[in-house]
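Accompanying notes for the structure given below.
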Amino acid sequence: MLRLQGPQMLQMLEKSLMKHLPESLKVYGTVFHINQGNPFKLKVLVDKWPDFNTVVVRPREQDMTDDLDHYTNTYQIYSKDPKNCQEFLGSPEVINWKQRLQIQSSQSNLDEVIENIVAVKLGQVKRTQCFLYMIFQTAKKLVPSLVDAEKLSPSRGTHRTINQEMFKLSSLDVIHAALVNKFWHFGGNERSQRFIERCIQTFPTFCLLGPEGTPVSWSLMDQTGELRMAGTVPEYRRRNLACHVTCAQIQALEKLDFPMYSHVDKANHIMQRLVVNIQKVRMPCDWNQWQYVPL
């Protein structure tokens, strides 16, 4: 096991991960932002260097003091050889299997390895699998072979206008974390709210303020660069606000040259229609998250 440190190593890794997109997307996005200053203070581990097989991105030990906080205790994994990475991932120096934790990856074939490790550790794991999308501009740059330009006609990227007298584009403040947390599918508790607060403090956020001057629709980013935690308060739904916020977010992040991607629940047909309207490109691999609880 080796920890990659210094800009030269980490930039080499970023370039290498680009060659393995979209399966490496979750790790690539995280490493991209590590190379932009590492605002979440994450560390990168590989099984060997430079000819690595498996990469794990994780927080520092001193930041993982709460054994029940799986929002902080989150690992991103990519492996060129998923069938032979079990020993590396099972090492306590790589992953602390004594804590509640989350593993995120764009590789569905890690499931068998994770299940095998969980059986050895005598824990429980729950897997969530969603559709994975890249924003059109990101896909065109990083994986042009997956972009069908004919299907993405200019009209597909348009959206209905909103009442700009009633709704004002703005950004979120930390005090809005409770509102985001209330409507986040994976949230609703104190630990998730602390995670949201950290994301708001660290990355660009986008929202629409309603007539009362409070957010009615919003979208954030997490430490992997994924566009996440979007929501709209119930009384303002079906007004195209989410689409407007997301399009503003994409335009702003494109100027920063950020890779942009997101996931959508396989049962959420409303959001699936929305992502088509704003020109997100469905990836051939899935978004995967495993939540692990030690017994």
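Letters for chains follow the order of the structure tokens (A, B, ...), residue numbers begin at 1 for each chain, and ligand numbers begin at 1 in the order shown.
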I'd like the neighbourhood of Val27 (chain A) as a tab-separated table (two decimals) with N, CA, C and O atoms, in the first residue's frame, where a residue qualifies if any of its atoms comes within 7 Å (using only C-alpha atoms), though same-chain residues fewer than 2 positions away should be ignored.
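Full text of around_37.tsv as output:
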```tsv
chain	number	residue	atom	x	y	z
A	24	SER	N	-14.07	4.74	-14.15
A	24	SER	CA	-13.28	5.37	-13.09
A	24	SER	C	-13.86	6.71	-12.66
A	24	SER	O	-13.23	7.44	-11.87
A	25	LEU	N	-15.06	7.07	-13.11
A	25	LEU	CA	-15.57	8.43	-12.97
A	25	LEU	C	-15.63	8.92	-11.53
A	25	LEU	O	-15.24	10.06	-11.23
A	29	GLY	N	-13.33	12.09	-10.60
A	29	GLY	CA	-13.88	13.36	-10.13
A	29	GLY	C	-13.30	13.78	-8.80
A	29	GLY	O	-13.02	14.97	-8.57
A	30	THR	N	-13.09	12.81	-7.92
A	30	THR	CA	-12.52	13.12	-6.60
A	30	THR	C	-11.07	13.58	-6.72
A	30	THR	O	-10.67	14.58	-6.11
A	31	VAL	N	-10.29	12.84	-7.51
A	31	VAL	CA	-8.87	13.19	-7.70
A	31	VAL	C	-8.74	14.54	-8.40
A	31	VAL	O	-7.84	15.33	-8.08
A	76	GLN	N	-13.96	6.20	-2.04
A	76	GLN	CA	-14.19	6.04	-3.48
A	76	GLN	C	-13.17	5.04	-4.01
A	76	GLN	O	-11.97	5.14	-3.69
A	77	ILE	N	-13.64	4.10	-4.83
A	77	ILE	CA	-12.77	3.01	-5.28
A	77	ILE	C	-12.85	2.83	-6.79
A	77	ILE	O	-13.94	2.88	-7.38
A	78	TYR	N	-11.68	2.62	-7.39
A	78	TYR	CA	-11.60	2.15	-8.78
A	78	TYR	C	-10.54	1.07	-8.85
A	78	TYR	O	-9.46	1.21	-8.27
```
Sorted by chain and rising residue number, list the residues of region 211-280 of chain A at most 12 Å from region 159-174 of chain A (counting only C-alpha atoms), each with its closest atom pair and distance in Å to one decimal, as JSON lines.
```
{"residue": "A:Pro211", "atom": "CA", "partner": "A:Met166", "partner_atom": "CA", "distance": 5.5}
{"residue": "A:Glu212", "atom": "CA", "partner": "A:Met166", "partner_atom": "CA", "distance": 9.3}
{"residue": "A:Gly213", "atom": "CA", "partner": "A:Lys168", "partner_atom": "CA", "distance": 8.5}
{"residue": "A:Thr214", "atom": "CA", "partner": "A:Leu172", "partner_atom": "CA", "distance": 9.5}
{"residue": "A:Pro215", "atom": "CA", "partner": "A:Leu172", "partner_atom": "CA", "distance": 7.6}
{"residue": "A:Val216", "atom": "CA", "partner": "A:Phe167", "partner_atom": "CA", "distance": 8.7}
{"residue": "A:Ser217", "atom": "CA", "partner": "A:Leu169", "partner_atom": "CA", "distance": 9.6}
{"residue": "A:Trp218", "atom": "CA", "partner": "A:Leu172", "partner_atom": "CA", "distance": 7.9}
{"residue": "A:Ser219", "atom": "CA", "partner": "A:Leu172", "partner_atom": "CA", "distance": 9.0}
{"residue": "A:Leu220", "atom": "CA", "partner": "A:Leu172", "partner_atom": "CA", "distance": 8.7}
{"residue": "A:Met221", "atom": "CA", "partner": "A:Leu172", "partner_atom": "CA", "distance": 11.7}
{"residue": "A:Ala230", "atom": "CA", "partner": "A:Leu172", "partner_atom": "CA", "distance": 11.8}
{"residue": "A:Tyr236", "atom": "CA", "partner": "A:Phe167", "partner_atom": "CA", "distance": 10.6}
{"residue": "A:Arg238", "atom": "CA", "partner": "A:Ile162", "partner_atom": "CA", "distance": 11.3}
{"residue": "A:Arg239", "atom": "CA", "partner": "A:Ile162", "partner_atom": "CA", "distance": 7.6}
{"residue": "A:Asn240", "atom": "CA", "partner": "A:Arg160", "partner_atom": "CA", "distance": 6.8}
{"residue": "A:Leu241", "atom": "CA", "partner": "A:Ile162", "partner_atom": "CA", "distance": 7.2}
{"residue": "A:Ala242", "atom": "CA", "partner": "A:His159", "partner_atom": "CA", "distance": 10.6}
{"residue": "A:Cys243", "atom": "CA", "partner": "A:His159", "partner_atom": "CA", "distance": 7.3}
{"residue": "A:His244", "atom": "CA", "partner": "A:His159", "partner_atom": "CA", "distance": 7.6}
{"residue": "A:Val245", "atom": "CA", "partner": "A:Leu169", "partner_atom": "CA", "distance": 7.6}
{"residue": "A:Thr246", "atom": "CA", "partner": "A:His159", "partner_atom": "CA", "distance": 10.9}
{"residue": "A:Cys247", "atom": "CA", "partner": "A:His159", "partner_atom": "CA", "distance": 9.0}
{"residue": "A:Ala248", "atom": "CA", "partner": "A:Leu169", "partner_atom": "CA", "distance": 8.4}
{"residue": "A:Gln249", "atom": "CA", "partner": "A:Ser171", "partner_atom": "CA", "distance": 10.1}
{"residue": "A:Ala252", "atom": "CA", "partner": "A:Ser171", "partner_atom": "CA", "distance": 11.9}
{"residue": "A:Leu274", "atom": "CA", "partner": "A:His159", "partner_atom": "CA", "distance": 9.7}
{"residue": "A:Val275", "atom": "CA", "partner": "A:His159", "partner_atom": "CA", "distance": 11.4}
{"residue": "A:Val276", "atom": "CA", "partner": "A:His159", "partner_atom": "CA", "distance": 11.0}
{"residue": "A:Asn277", "atom": "CA", "partner": "A:His159", "partner_atom": "CA", "distance": 7.2}
{"residue": "A:Ile278", "atom": "CA", "partner": "A:His159", "partner_atom": "CA", "distance": 7.7}
{"residue": "A:Gln279", "atom": "CA", "partner": "A:His159", "partner_atom": "CA", "distance": 10.8}
```
Query raised in the report: In terms of the shortest atom-to-atom distance over only C-alpha atoms, which of A:Phe32, A:Gly188, A:Thr224, A:Thr232 is closest to Asp257 (chain A)?
Result: A:Phe32
Report task. Write out as JSON, numbers by chain which residues come within 12 Å of Arg198 (chain A) when counting only C-alpha atoms, dropping same-chain ones fewer than 5 positions away. Result -> {"A": [39, 40, 41, 71, 72, 172, 173, 174, 175, 176, 177, 191, 192, 193, 203, 204, 205, 220, 221, 222, 223]}
Query - DSSP strand (DSSP E or B) residues within region 68-294 of chain A, as a PyMOL selection string - result: chain A and resi 74-79+101-105+123-135+168-170+206-209+215-221+226-232+261-264+280-294
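Minimum atom-to-atom distances from A:Leu179, A:Ile95, A:Met229, A:Leu17 to Val118 (chain A) were compared using only C-alpha atoms, and the lowest value belongs to A:Ile95.
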Query - Top pick for closest residue to Asp51 (chain A), considering A:Leu295, A:Met12, A:Leu253, A:Leu68 and counting only C-alpha atoms - result: A:Met12
Report task. Pick out the closest residue to Cys85 (chain A) from this set: A:Ser106, A:Gln62, A:Asn116, A:Gln11. Count only C-alpha atoms. Result ->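 Ranking A:Ser106, A:Gln62, A:Asn116, A:Gln11 by distance to Cys85 (chain A), first place goes to A:Asn116.
Among A:Met1, A:Leu42, A:Val125, A:Cys130, the residue with the shortest atom-to-atom distance to Glu93 (chain A), counting only C-alpha atoms, is A:Met1.
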Query raised in the report: For Val264 (chain A), which of A:Phe131, A:Trp97, A:Trp49, A:Phe136 is the closest residue, counting only C-alpha atoms?
Result: A:Phe131
Requested in this report: Please provide as an MDAnalysis selection string all residues within 12 Å of Pro144 (chain A), with the sequence filter that same-chain residues fewer than 3 positions apart are discarded (counting only C-alpha atoms).
Outcome: chainID A and resid 21:22 134:141 147:149 281 283
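Going from CA of Gln129 (chain A) over to CA of Ile103 (chain A), you cover 11.9 Å.
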Query - Non-local contacts of Leu13 (chain A) (9 Å; only C-alpha atoms; under 5 positions in same chain excluded) as a list of chain:residue names - result: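 These residues fall inside the cut-off: A:Leu4, A:Gln8, A:Met18, A:Tyr28, A:Val31, A:Pro50.
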